[in-house]
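Structure below is target20.cif: mmCIF, C-alpha atoms and all ligand atoms.
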data_query
loop_
_atom_site.label_atom_id
_atom_site.label_comp_id
_atom_site.auth_asym_id
_atom_site.auth_seq_id
_atom_site.Cartn_x
_atom_site.Cartn_y
_atom_site.Cartn_z
CA MET A 194 0.00 0.00 0.00
CA THR A 195 1.40 3.42 -0.85
CA ALA A 196 1.43 6.09 1.78
CA ALA A 197 -0.95 8.23 -0.33
CA ALA A 198 -3.64 5.53 -0.11
CA ARG A 199 -3.82 5.61 3.71
CA PRO A 200 -7.32 6.51 4.88
CA VAL A 201 -6.38 9.54 6.93
CA ASP A 202 -8.99 11.93 8.35
CA VAL A 203 -6.69 14.74 9.45
CA ILE A 204 -3.05 15.57 8.74
CA VAL A 205 -1.38 17.74 11.36
CA ALA A 206 1.66 19.59 10.00
CA GLY A 207 4.04 20.56 12.79
CA LEU A 208 4.07 18.69 16.12
CA GLY A 209 5.24 21.40 18.48
CA ALA A 210 3.11 22.84 21.26
CA MET A 211 -0.02 23.32 19.18
CA GLY A 212 0.27 20.47 16.67
CA SER A 213 0.95 17.86 19.37
CA ALA A 214 -2.12 19.10 21.29
CA ALA A 215 -4.26 19.04 18.14
CA ALA A 216 -3.09 15.50 17.32
CA ALA A 217 -3.93 14.37 20.88
CA HIS A 218 -7.45 15.84 20.82
CA LEU A 219 -8.20 14.64 17.29
CA ALA A 220 -6.97 11.10 17.95
CA ALA A 221 -8.82 10.93 21.28
CA ARG A 222 -12.01 11.78 19.40
CA GLY A 223 -11.51 8.84 17.08
CA GLN A 224 -10.04 10.66 14.09
CA ARG A 225 -7.36 8.90 12.07
CA VAL A 226 -4.46 11.31 12.41
CA LEU A 227 -1.19 11.58 10.52
CA GLY A 228 1.23 13.96 12.25
CA LEU A 229 4.26 15.27 10.35
CA GLU A 230 7.18 16.97 12.08
CA GLN A 231 10.44 18.05 10.45
CA TYR A 232 12.52 17.59 13.63
CA GLN A 233 12.44 15.22 16.61
CA PRO A 234 9.88 15.32 19.46
CA ALA A 235 10.19 18.35 21.79
CA HIS A 236 13.19 19.75 19.88
CA ASP A 237 14.85 23.13 20.53
CA GLN A 238 14.69 24.74 17.08
CA GLY A 239 11.24 26.35 17.24
CA SER A 240 9.22 28.15 19.94
CA SER A 241 8.54 25.51 22.59
CA HIS A 242 11.83 24.78 24.35
CA GLY A 243 13.69 26.29 27.31
CA HIS A 244 12.29 24.26 30.25
CA SER A 245 9.70 26.75 31.49
CA ARG A 246 6.69 28.75 30.35
CA VAL A 247 4.57 31.14 32.40
CA ILE A 248 0.91 30.32 32.86
CA ARG A 249 -1.37 32.94 34.42
CA LEU A 250 -5.11 33.42 34.64
CA ALA A 251 -5.47 37.19 35.01
CA TYR A 252 -4.56 38.27 31.49
CA PHE A 253 -3.37 41.79 30.80
CA GLU A 254 -3.32 41.25 27.04
CA HIS A 255 -7.16 41.06 26.91
CA PRO A 256 -9.83 39.91 29.37
CA SER A 257 -11.41 37.71 26.71
CA TYR A 258 -8.52 35.22 27.04
CA VAL A 259 -9.68 34.31 30.57
CA PRO A 260 -12.42 31.79 29.61
CA LEU A 261 -9.89 30.04 27.35
CA LEU A 262 -7.39 29.99 30.22
CA ARG A 263 -9.91 28.43 32.61
CA ARG A 264 -10.39 25.62 30.12
CA ALA A 265 -6.63 25.38 29.48
CA TYR A 266 -5.93 24.93 33.21
CA ALA A 267 -8.54 22.16 33.47
CA LEU A 268 -7.08 20.40 30.44
CA TRP A 269 -3.48 20.65 31.77
CA LYS A 270 -4.71 18.89 34.92
CA ASP A 271 -6.42 16.23 32.78
CA LEU A 272 -3.22 15.75 30.78
CA GLU A 273 -1.19 15.32 33.98
CA ARG A 274 -3.66 12.72 35.25
CA GLU A 275 -3.80 10.89 31.93
CA THR A 276 -0.05 10.69 31.42
CA GLY A 277 1.17 10.61 35.03
CA ARG A 278 3.57 13.48 34.22
CA ASP A 279 4.34 16.55 36.25
CA LEU A 280 3.64 19.43 33.85
CA LEU A 281 2.42 22.42 35.89
CA THR A 282 3.69 23.91 39.16
CA VAL A 283 1.58 26.66 40.71
CA THR A 284 3.87 29.30 42.22
CA GLY A 285 1.71 32.41 42.12
CA GLY A 286 2.49 35.26 39.76
CA LEU A 287 3.43 38.90 40.29
CA MET A 288 2.74 41.56 37.66
CA VAL A 289 4.78 44.68 38.49
CA GLY A 290 4.87 48.18 37.07
CA ARG A 291 3.52 51.67 37.46
CA PRO A 292 -0.18 51.65 38.36
CA ASP A 293 -0.99 52.84 34.82
CA SER A 294 1.33 50.36 33.04
CA GLU A 295 -0.08 47.85 30.54
CA VAL A 296 0.82 44.90 32.77
CA VAL A 297 -0.69 46.25 36.02
CA ARG A 298 -3.71 47.97 34.51
CA GLY A 299 -4.55 45.07 32.20
CA THR A 300 -4.09 42.40 34.88
CA LEU A 301 -6.38 44.27 37.26
CA GLU A 302 -8.98 44.83 34.56
CA SER A 303 -9.16 41.16 33.66
CA ALA A 304 -9.08 40.04 37.33
CA ARG A 305 -11.96 42.37 38.20
CA GLN A 306 -13.98 41.57 35.09
CA HIS A 307 -13.71 37.82 35.73
CA ASP A 308 -13.74 37.99 39.52
CA LEU A 309 -10.32 36.35 39.86
CA PRO A 310 -8.57 36.18 43.23
CA HIS A 311 -5.75 38.73 43.40
CA GLU A 312 -3.94 41.09 45.74
CA VAL A 313 -2.53 44.53 45.00
CA LEU A 314 0.85 45.02 46.71
CA ASP A 315 2.78 48.25 47.20
CA ALA A 316 6.54 48.31 46.72
CA ALA A 317 7.35 47.67 50.38
CA SER A 318 5.00 44.67 50.55
CA ILE A 319 6.51 43.24 47.36
CA GLN A 320 9.98 43.35 48.85
CA ARG A 321 8.86 41.97 52.21
CA ARG A 322 7.11 39.05 50.60
CA PHE A 323 9.66 38.33 47.85
CA PRO A 324 13.04 39.65 49.08
CA PRO A 325 14.92 39.32 45.74
CA PHE A 326 12.69 42.09 44.29
CA THR A 327 13.70 45.70 44.99
CA PRO A 328 10.95 47.80 43.35
CA ALA A 329 11.09 51.61 43.40
CA SER A 330 8.50 53.12 45.71
CA HIS A 331 6.16 54.28 42.91
CA LEU A 332 5.67 50.73 41.57
CA VAL A 333 2.91 48.30 42.48
CA GLY A 334 2.35 44.59 41.96
CA VAL A 335 -0.71 42.47 41.31
CA PHE A 336 -0.26 39.02 42.80
CA GLU A 337 -2.38 36.20 41.50
CA PRO A 338 -2.24 32.85 43.26
CA GLN A 339 -3.05 30.60 40.27
CA ALA A 340 -0.08 31.56 38.07
CA GLY A 341 2.78 29.13 37.68
CA VAL A 342 5.23 27.28 35.49
CA LEU A 343 4.66 24.77 32.70
CA ARG A 344 7.42 22.42 31.54
CA PRO A 345 7.16 22.85 27.77
CA GLU A 346 9.18 19.86 26.57
CA ALA A 347 7.30 17.52 28.93
CA CYS A 348 3.98 19.07 27.79
CA VAL A 349 4.75 18.41 24.12
CA GLU A 350 5.85 14.86 24.93
CA ALA A 351 2.68 14.28 26.95
CA HIS A 352 0.43 15.38 24.08
CA LEU A 353 2.39 13.21 21.65
CA ALA A 354 2.01 10.24 24.01
CA VAL A 355 -1.76 10.75 24.19
CA ALA A 356 -1.97 11.05 20.40
CA ALA A 357 0.03 7.84 19.94
CA THR A 358 -2.05 5.99 22.56
CA HIS A 359 -5.14 6.82 20.53
CA GLY A 360 -3.59 5.50 17.33
CA ALA A 361 -2.14 8.63 15.69
CA ASP A 362 0.62 7.94 13.15
CA LEU A 363 3.34 10.41 14.14
CA ARG A 364 6.30 10.85 11.81
CA PHE A 365 9.41 12.76 12.78
CA GLY A 366 12.25 13.96 10.57
CA GLU A 367 9.77 14.51 7.73
CA ARG A 368 9.25 18.00 6.35
CA VAL A 369 6.08 19.25 4.69
CA THR A 370 7.11 20.94 1.46
CA GLY A 371 3.66 22.00 0.25
CA TRP A 372 -0.06 21.32 0.26
CA THR A 373 -2.92 21.57 -2.20
CA ALA A 374 -6.65 21.71 -1.54
CA PRO A 375 -9.56 22.32 -3.92
CA PRO A 376 -10.97 25.79 -3.08
CA GLY A 377 -13.98 25.60 -0.80
CA GLY A 378 -14.06 21.83 -0.98
CA ASP A 379 -13.16 18.71 0.92
CA GLY A 380 -9.84 16.91 0.84
CA VAL A 381 -6.19 17.91 0.87
CA GLU A 382 -2.95 16.59 -0.47
CA VAL A 383 0.23 17.18 1.46
CA GLN A 384 3.67 16.87 -0.08
CA THR A 385 6.72 16.11 2.06
CA ASP A 386 10.39 15.45 1.44
CA ARG A 387 9.49 11.74 1.55
CA GLY A 388 6.18 11.44 -0.28
CA ALA A 389 2.60 12.63 -0.60
CA TYR A 390 -0.43 12.00 1.58
CA ALA A 391 -4.16 12.54 1.12
CA ALA A 392 -6.63 13.37 3.90
CA SER A 393 -9.98 15.05 4.42
CA ARG A 394 -8.62 17.89 6.54
CA LEU A 395 -5.32 19.59 7.29
CA VAL A 396 -4.23 21.40 10.45
CA LEU A 397 -1.26 23.69 9.90
CA ALA A 398 0.58 24.33 13.17
CA PRO A 399 4.07 25.17 11.91
CA GLY A 400 5.10 27.82 14.46
CA ALA A 401 7.73 30.15 13.02
CA TRP A 402 7.46 28.42 9.64
CA ALA A 403 3.87 29.68 9.25
CA PRO A 404 4.71 32.58 6.89
CA ASP A 405 5.86 29.97 4.34
CA LEU A 406 3.27 27.28 4.92
CA PHE A 407 0.02 29.22 5.44
CA ALA A 408 -0.19 30.52 1.85
CA LEU A 409 -2.11 33.56 3.09
CA PRO A 410 -0.28 36.74 2.04
CA GLN A 411 -2.95 38.93 3.70
CA LEU A 412 -1.71 37.73 7.09
CA PRO A 413 1.30 39.86 8.11
CA LEU A 414 3.22 37.47 10.39
CA GLU A 415 6.72 38.38 11.55
CA VAL A 416 9.20 36.15 13.31
CA GLU A 417 11.24 37.65 16.14
CA ARG A 418 14.41 36.30 17.73
CA GLN A 419 14.32 36.02 21.52
CA VAL A 420 17.03 35.16 24.05
CA LEU A 421 16.61 33.24 27.31
CA PHE A 422 19.16 33.62 30.12
CA TRP A 423 19.89 31.42 33.15
CA LEU A 424 21.80 33.21 35.91
CA ASP A 425 23.07 31.89 39.21
CA PRO A 426 21.89 34.49 41.77
CA ALA A 427 24.64 36.12 43.82
CA GLY A 428 24.01 35.07 47.41
CA GLY A 429 22.45 31.76 46.48
CA VAL A 430 19.37 30.29 44.96
CA ALA A 431 17.32 29.73 48.16
CA PRO A 432 15.26 32.99 47.97
CA PHE A 433 14.25 31.96 44.43
CA ALA A 434 12.84 28.55 45.42
CA PRO A 435 9.47 27.86 43.75
CA ASP A 436 7.65 27.64 47.09
CA ARG A 437 8.62 31.22 47.95
CA PHE A 438 9.30 33.05 44.67
CA PRO A 439 6.68 33.63 41.93
CA VAL A 440 6.70 33.88 38.17
CA TYR A 441 6.61 37.57 37.27
CA VAL A 442 6.29 40.10 34.48
CA TRP A 443 7.95 43.45 35.14
CA ASP A 444 6.75 46.36 33.04
CA HIS A 445 9.54 48.91 32.54
CA GLY A 446 7.35 51.13 30.35
CA ALA A 447 8.03 52.19 26.75
CA GLY A 448 7.13 48.72 25.54
CA VAL A 449 9.86 46.95 27.51
CA GLN A 450 8.80 44.06 29.73
CA VAL A 451 10.96 41.50 31.54
CA TYR A 452 9.70 38.20 32.92
CA GLY A 453 11.15 35.36 34.88
CA PHE A 454 10.75 32.25 36.94
CA PRO A 455 11.66 30.73 40.26
CA ALA A 456 14.66 28.38 40.31
CA GLN A 457 13.88 25.07 38.62
CA ASP A 458 15.72 21.79 38.64
CA GLY A 459 18.34 21.88 35.90
CA PRO A 460 19.91 21.45 33.53
CA PRO A 461 20.41 24.23 32.88
CA GLU A 462 21.02 25.26 36.47
CA GLY A 463 20.21 28.81 37.45
CA VAL A 464 17.25 31.13 37.46
CA LYS A 465 15.71 31.98 34.10
CA VAL A 466 14.97 35.55 33.04
CA ALA A 467 14.21 37.11 29.65
CA PHE A 468 12.66 40.05 27.85
CA PHE A 469 8.98 39.47 27.11
CA ARG A 470 8.87 42.57 24.91
CA THR A 471 11.97 44.56 24.07
CA GLY A 472 10.29 47.41 22.25
CA ARG A 473 12.57 46.78 19.25
CA GLY A 474 12.82 43.11 18.39
CA THR A 475 15.17 41.44 15.93
CA ARG A 476 13.26 40.12 12.95
CA CYS A 477 14.41 36.81 11.46
CA THR A 478 13.23 33.64 9.79
CA PRO A 479 13.88 30.07 10.96
CA GLN A 480 16.55 29.99 8.24
CA THR A 481 18.30 33.26 9.12
CA ILE A 482 18.04 33.38 12.94
CA ASP A 483 21.37 33.96 14.70
CA ARG A 484 21.36 31.22 17.34
CA HIS A 485 24.49 32.54 19.02
CA VAL A 486 23.98 34.70 22.13
CA HIS A 487 26.38 37.67 22.21
CA PRO A 488 28.05 39.28 25.26
CA ASP A 489 26.28 42.62 24.70
CA GLU A 490 22.95 40.81 24.95
CA VAL A 491 23.94 39.42 28.36
CA THR A 492 24.93 42.94 29.44
CA MET A 493 21.60 44.31 28.27
CA MET A 494 19.72 41.70 30.30
CA ARG A 495 21.79 42.42 33.41
CA GLU A 496 21.14 46.16 33.01
CA ALA A 497 17.39 45.59 32.66
CA ILE A 498 17.20 43.82 36.03
CA ALA A 499 20.03 45.60 37.88
CA GLU A 500 17.69 47.79 39.88
CA VAL A 501 14.79 45.39 40.28
CA ILE A 502 16.39 41.98 40.99
CA PRO A 503 20.00 42.96 41.82
CA SER A 504 21.17 39.56 43.10
CA LEU A 505 20.15 37.98 39.80
CA ALA A 506 21.68 40.80 37.74
CA ARG A 507 25.05 40.16 39.41
CA GLY A 508 24.85 36.38 39.05
CA ASP A 509 27.06 34.17 36.90
CA LEU A 510 25.64 33.29 33.51
CA ARG A 511 24.92 29.55 33.40
CA ALA A 512 23.27 29.27 29.99
CA ALA A 513 21.61 31.26 27.23
CA THR A 514 19.66 30.19 24.17
CA THR A 515 17.47 31.61 21.44
CA CYS A 516 13.82 31.02 20.61
CA MET A 517 11.37 32.47 18.08
CA TYR A 518 8.12 34.42 18.50
CA THR A 519 5.72 34.49 15.56
CA LEU A 520 4.07 37.89 15.87
CA THR A 521 0.87 39.42 14.57
CA PRO A 522 0.58 43.24 14.52
CA ASP A 523 -1.94 43.21 17.42
CA HIS A 524 -0.17 40.40 19.33
CA HIS A 525 -3.35 38.29 19.34
CA PHE A 526 -3.32 34.72 18.01
CA VAL A 527 -4.29 33.41 14.60
CA MET A 528 -6.73 30.50 14.67
CA GLY A 529 -9.42 29.59 12.20
CA PRO A 530 -10.19 28.00 8.85
CA HIS A 531 -8.11 29.12 5.86
CA PRO A 532 -10.32 31.72 4.09
CA ARG A 533 -10.06 30.02 0.69
CA HIS A 534 -9.75 26.41 1.87
CA PRO A 535 -12.11 25.70 4.78
CA GLN A 536 -10.78 22.15 5.05
CA VAL A 537 -7.43 23.66 6.14
CA VAL A 538 -7.19 24.99 9.71
CA LEU A 539 -4.58 27.64 10.48
CA ALA A 540 -2.97 27.81 13.92
CA SER A 541 -0.46 30.42 15.02
CA PRO A 542 -1.20 30.93 18.71
CA CYS A 543 2.03 32.65 19.45
CA SER A 544 2.95 36.37 19.54
CA GLY A 545 5.10 35.20 22.46
CA HIS A 546 2.30 34.14 24.81
CA GLY A 547 0.66 31.02 23.39
CA PHE A 548 2.17 28.11 25.23
CA LYS A 549 -0.11 28.21 28.27
CA PHE A 550 -3.10 27.82 25.90
CA ALA A 551 -1.79 24.73 24.08
CA THR A 552 -4.29 22.34 25.66
CA VAL A 553 -7.35 24.41 24.81
CA VAL A 554 -5.88 25.25 21.40
CA GLY A 555 -5.70 21.49 20.73
CA GLU A 556 -9.38 21.24 21.59
CA ILE A 557 -10.27 24.22 19.36
CA LEU A 558 -8.22 22.92 16.41
CA ALA A 559 -9.94 19.54 16.75
CA ASP A 560 -13.36 21.28 16.78
CA LEU A 561 -12.45 23.28 13.67
CA ALA A 562 -11.04 20.27 11.80
CA ILE A 563 -13.97 17.99 12.63
CA ASP A 564 -16.96 20.37 12.73
CA GLY A 565 -15.68 23.49 10.96
CA ALA A 566 -16.62 25.54 14.05
CA THR A 567 -15.98 25.74 17.80
CA ALA A 568 -17.97 26.88 20.81
CA HIS A 569 -14.85 28.53 22.24
CA PRO A 570 -14.57 32.32 21.76
CA ILE A 571 -12.03 32.79 18.96
CA ALA A 572 -13.33 35.91 17.19
CA LEU A 573 -10.20 37.81 18.29
CA PHE A 574 -8.03 35.38 16.29
CA ASP A 575 -9.60 35.73 12.82
CA PRO A 576 -6.89 35.05 10.19
CA LEU A 577 -8.38 37.75 7.93
CA ARG A 578 -8.54 40.61 10.45
CA PHE A 579 -5.59 42.43 8.87
CA ALA A 580 -6.69 41.87 5.27
CA GLY A 581 -8.24 45.33 4.84
CA ALA A 582 -5.03 47.07 5.84
CA SER A 583 -2.69 44.98 3.72
CA ALA A 584 -4.81 44.26 0.63
CA GLY A 585 -3.52 46.30 -2.23
C1 LIG B 1 11.57 32.65 24.46
C2 LIG B 1 10.12 32.33 24.48
C3 LIG B 1 9.43 32.45 25.66
C4 LIG B 1 8.07 32.21 25.71
N1 LIG B 1 7.44 32.29 26.91
C5 LIG B 1 6.13 31.97 27.00
C6 LIG B 1 5.50 31.90 28.26
O1 LIG B 1 6.12 32.10 29.30
N2 LIG B 1 4.18 31.57 28.29
C7 LIG B 1 3.48 31.29 27.18
O2 LIG B 1 2.29 31.01 27.27
N3 LIG B 1 4.06 31.34 25.95
C8 LIG B 1 5.38 31.65 25.85
N4 LIG B 1 6.00 31.66 24.63
C9 LIG B 1 5.22 31.41 23.41
C10 LIG B 1 4.97 29.94 23.19
O3 LIG B 1 6.09 29.19 23.55
C11 LIG B 1 4.56 29.76 21.75
O4 LIG B 1 3.35 30.49 21.55
C12 LIG B 1 4.31 28.31 21.41
O5 LIG B 1 5.42 27.54 21.78
C13 LIG B 1 4.05 28.17 19.91
O6 LIG B 1 3.80 26.82 19.62
P1 LIG B 1 3.70 26.32 18.10
O7 LIG B 1 3.18 24.94 18.14
O8 LIG B 1 2.97 27.35 17.30
O9 LIG B 1 5.21 26.35 17.60
P2 LIG B 1 6.33 25.22 17.78
O10 LIG B 1 6.19 24.59 19.11
O11 LIG B 1 7.62 25.80 17.37
O12 LIG B 1 5.88 24.11 16.78
C14 LIG B 1 5.88 24.25 15.37
C15 LIG B 1 6.39 22.93 14.84
O13 LIG B 1 6.16 22.84 13.45
C16 LIG B 1 7.27 22.19 12.89
N5 LIG B 1 7.29 22.51 11.47
C17 LIG B 1 7.35 23.74 10.92
N6 LIG B 1 7.34 23.68 9.58
C18 LIG B 1 7.26 22.36 9.28
C19 LIG B 1 7.22 21.67 8.05
N7 LIG B 1 7.27 22.31 6.87
N8 LIG B 1 7.15 20.30 8.08
C20 LIG B 1 7.10 19.64 9.28
N9 LIG B 1 7.16 20.27 10.47
C21 LIG B 1 7.22 21.61 10.47
C22 LIG B 1 8.44 22.77 13.64
O14 LIG B 1 9.61 21.99 13.52
C23 LIG B 1 7.89 22.79 15.05
O15 LIG B 1 8.15 21.59 15.74
C24 LIG B 1 7.38 31.85 24.55
C25 LIG B 1 8.08 31.70 23.35
C26 LIG B 1 9.45 31.91 23.33
C27 LIG B 1 10.18 31.72 22.05
#

Could I get this file's structure written as structure tokens?
Ligand SMILES: Cc1cc2nc3c(=O)[nH]c(=O)nc-3n(C[C@H](O)[C@H](O)[C@H](O)COP(=O)(O)OP(=O)(O)OC[C@H]3O[C@@H](n4cnc5c(N)ncnc54)[C@H](O)[C@@H]3O)c2cc1C
Amino acid sequence: MTAAARPVDVIVAGLGAMGSAAAAHLAARGQRVLGLEQYQPAHDQGSSHGHSRVIRLAYFEHPSYVPLLRRAYALWKDLERETGRDLLTVTGGLMVGRPDSEVVRGTLESARQHDLPHEVLDAASIQRRFPPFTPASHLVGVFEPQAGVLRPEACVEAHLAVAATHGADLRFGERVTGWTAPPGGDGVEVQTDRGAYAASRLVLAPGAWAPDLFALPQLPLEVERQVLFWLDPAGGVAPFAPDRFPVYVWDHGAGVQVYGFPAQDGPPEGVKVAFFRTGRGTRCTPQTIDRHVHPDEVTMMREAIAEVIPSLARGDLRAATTCMYTLTPDHHFVMGPHPRHPQVVLASPCSGHGFKFATVVGEILADLAIDGATAHPIALFDPLRFAGASAG
């Protein structure tokens, strides 16, 4: 039997955070799934590596993410139960900035709108409660108890395991080179560097490779290089232990935001910190990204936290690595049917904040591939929302 004759319901292209989740949900619902991934499981060449991801429920980016987050949390718990893996540690989260900053204002708005437990802390209370932080007196923090840390590689592996348990055919080291689908109709053909496959539906979850694979020029996606740093705090790691130190986002204003984590078991050893938004990112493609981290970048990171987490700023550098954001102009996700090919589902839930949603994204992508619609609120993620501005 040739590969093209396999009776596949859904092909999932890309098995990173979102594709692995989609494959798991589709296979669990009885769909025959073929998953295609150019690299190996939970690799470090895309957007889903680096040992930790922030999850938080109060969402400064937009209050309408909160219902999705509630579902995402429930599904992460289900995934832990189903696979017996430890994926999520709740540490609490602290959003710090001026009272009128995006991070503080937006977190409070979403917490109040959705009645989420939270505390507002002044600078002195922040430092008393979390001694590594040394905020200036005009800054405030919003603490939310449900925030925490996800282990991204383990999460991807867990979704892949669920998909395989339910019979998905997952192929690694196989690159999708193109796809064709009759406009408005049923059925797709997917070409790879090894062959061609037919299926009823296609889910495209290619992360930073989306600009090539989506075939939707009206969608202005840009890929941005990011750097992650692990520093060994001067004075020791104890004050950064996950039972006493939260995940945090620190809004410096002018579009610059820093975030970080408590100490986690290595490797790499150390306490991870990074820029969430730099205000002036480095554009790249997966082919052109500079994966080397330069000394001036380490200096810039140290300077950004010198006054707010001084013991970390002075710490020895243990490791640094790069990662890619796939950005939309409004920093909201892209999720929905391809406008010309409804049998093809597009998924780019990134803009630097998608990981925490991977479970619910898997559920949504399965809804869209099977039923063509979902009950989840995804209007914000319409793939065509920029078409007016860029059509020419
Ligand atoms: C530094 C950094 C920090 C982040 N921090 C957070 C955070 O704290 N919290 C949070 O919620 N989010 C965070 N994010 C964002 C989050 O990690 C991403 O939104 C998420 O990982 C995107 O998942 P994805 O499945 O779209 O991409 P990926 O996980 O990269 O998966 C895409 C997959 O498709 C494969 N692929 C692509 N093209 C092809 C092809 N042609 N053929 C076969 N396979 C293909 C790729 O190899 C890859 O495995 C962060 C991202 C980065 C980079």

Inset, instruction - Enumerate as a ChimeraX atom specification the residues within 7 Å of ligand LIG 1 (chain B), counting only C-alpha atoms and all ligand atoms. - result: /A:206-212,229-232,236,238-241,245-248,367-370,398-403,406,419-421,515-518,540-550

Could you write out the selected residues, including C-alpha atoms, as an mmCIF file, in the coordinates of the input?
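What follows is the written file result-v9.cif:
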data_model
loop_
_atom_site.group_PDB
_atom_site.id
_atom_site.type_symbol
_atom_site.label_atom_id
_atom_site.label_comp_id
_atom_site.auth_asym_id
_atom_site.auth_seq_id
_atom_site.Cartn_x
_atom_site.Cartn_y
_atom_site.Cartn_z
ATOM 1 C CA ALA A 206 1.660 19.590 10.000
ATOM 2 C CA GLY A 207 4.040 20.560 12.790
ATOM 3 C CA LEU A 208 4.070 18.690 16.120
ATOM 4 C CA GLY A 209 5.240 21.400 18.480
ATOM 5 C CA ALA A 210 3.110 22.840 21.260
ATOM 6 C CA MET A 211 -0.020 23.320 19.180
ATOM 7 C CA GLY A 212 0.270 20.470 16.670
ATOM 8 C CA LEU A 229 4.260 15.270 10.350
ATOM 9 C CA GLU A 230 7.180 16.970 12.080
ATOM 10 C CA GLN A 231 10.440 18.050 10.450
ATOM 11 C CA TYR A 232 12.520 17.590 13.630
ATOM 12 C CA HIS A 236 13.190 19.750 19.880
ATOM 13 C CA GLN A 238 14.690 24.740 17.080
ATOM 14 C CA GLY A 239 11.240 26.350 17.240
ATOM 15 C CA SER A 240 9.220 28.150 19.940
ATOM 16 C CA SER A 241 8.540 25.510 22.590
ATOM 17 C CA SER A 245 9.700 26.750 31.490
ATOM 18 C CA ARG A 246 6.690 28.750 30.350
ATOM 19 C CA VAL A 247 4.570 31.140 32.400
ATOM 20 C CA ILE A 248 0.910 30.320 32.860
ATOM 21 C CA GLU A 367 9.770 14.510 7.730
ATOM 22 C CA ARG A 368 9.250 18.000 6.350
ATOM 23 C CA VAL A 369 6.080 19.250 4.690
ATOM 24 C CA THR A 370 7.110 20.940 1.460
ATOM 25 C CA ALA A 398 0.580 24.330 13.170
ATOM 26 C CA PRO A 399 4.070 25.170 11.910
ATOM 27 C CA GLY A 400 5.100 27.820 14.460
ATOM 28 C CA ALA A 401 7.730 30.150 13.020
ATOM 29 C CA TRP A 402 7.460 28.420 9.640
ATOM 30 C CA ALA A 403 3.870 29.680 9.250
ATOM 31 C CA LEU A 406 3.270 27.280 4.920
ATOM 32 C CA GLN A 419 14.320 36.020 21.520
ATOM 33 C CA VAL A 420 17.030 35.160 24.050
ATOM 34 C CA LEU A 421 16.610 33.240 27.310
ATOM 35 C CA THR A 515 17.470 31.610 21.440
ATOM 36 C CA CYS A 516 13.820 31.020 20.610
ATOM 37 C CA MET A 517 11.370 32.470 18.080
ATOM 38 C CA TYR A 518 8.120 34.420 18.500
ATOM 39 C CA ALA A 540 -2.970 27.810 13.920
ATOM 40 C CA SER A 541 -0.460 30.420 15.020
ATOM 41 C CA PRO A 542 -1.200 30.930 18.710
ATOM 42 C CA CYS A 543 2.030 32.650 19.450
ATOM 43 C CA SER A 544 2.950 36.370 19.540
ATOM 44 C CA GLY A 545 5.100 35.200 22.460
ATOM 45 C CA HIS A 546 2.300 34.140 24.810
ATOM 46 C CA GLY A 547 0.660 31.020 23.390
ATOM 47 C CA PHE A 548 2.170 28.110 25.230
ATOM 48 C CA LYS A 549 -0.110 28.210 28.270
ATOM 49 C CA PHE A 550 -3.100 27.820 25.900
#

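Summary of the local environment: counting only C-alpha atoms, residues at most 7 Å from Arg470 in chain A, other than itself and those fewer than 4 positions away along its chain, are Gly448, Val449 and Gln450 of chain A.
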
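Across the model, the gap from CA of Asp362 in chain A to CA of Ala220 in chain A is 9.5 Å.
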
Which neighbours of Val259 in chain A fall inside 10 Å, counting only C-alpha atoms, when residues of the same chain fewer than 6 positions from it are skipped, and could you give them as a CSV table (one decimal) with C-alpha atoms, in the frame of the given file?
chain,number,residue,atom,x,y,z
A,249,ARG,CA,-1.4,32.9,34.4
A,250,LEU,CA,-5.1,33.4,34.6
A,251,ALA,CA,-5.5,37.2,35.0
A,252,TYR,CA,-4.6,38.3,31.5
A,253,PHE,CA,-3.4,41.8,30.8
A,265,ALA,CA,-6.6,25.4,29.5
A,303,SER,CA,-9.2,41.2,33.7
A,304,ALA,CA,-9.1,40.0,37.3
A,306,GLN,CA,-14.0,41.6,35.1
A,307,HIS,CA,-13.7,37.8,35.7
A,309,LEU,CA,-10.3,36.4,39.9

Inset, instruction - Skip Tyr390 in chain A itself and residues of its chain fewer than 3 positions away, then list as a ChimeraX atom specification all residues within 12 Å of it, counting only C-alpha atoms. - result: /A:195-206,226-229,369-374,380-387,393-395

Inset, instruction - Name the residues within 12 Å of (24.9, 35.6, 34.0), counting all atoms listed in the file in the file's coordinates, and put them as a count of residues only. - result: 36

Let me know the centre plus edge lengths, in Å and rounded to one decimal, of a box with edges along x, y and z that contains all listed atoms of range 448-460 of chain A and is padded by 4 Å on every side, as lines of an AutoDock Vina configuration file.
center_x = 13.5
center_y = 35.1
center_z = 32.9
size_x = 20.8
size_y = 35.3
size_z = 22.8

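If you measure from each of A:Leu343, A:Val554, A:Gln224, A:Leu397 to Pro570 in chain A using all atoms listed in the file, the closest one turns out to be A:Val554.
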
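With all atoms listed in the file as the atoms that count, the residue of A:Glu500, A:Asp458, A:Glu415, A:Asp436 with the shortest distance to Gly474 in chain A is A:Glu415.
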
Inset, instruction - With a distance cut-off of 6 Å and only C-alpha atoms, select the neighbouring residues of Gly334 in chain A, excluding the residue or stretch itself and same-chain residues fewer than 6 positions from it, and output the selection as a PyMOL selection string. - result: chain A and resi 288-289+313-314

Legend entry - Who sits within 9 Å of Ala434 in chain A, all atoms listed in the file, same chain under 4 positions skipped, as number ranges by chain: A: 430, 438-439, 455-457

Legend entry - Between CA of Gly341 in chain A and CA of Ala568 in chain A - distance in Å to one decimal: 26.8 Å

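Reported to one decimal place, the separation of CA of Tyr441 in chain A from CA of Asp308 in chain A is 20.5 Å.
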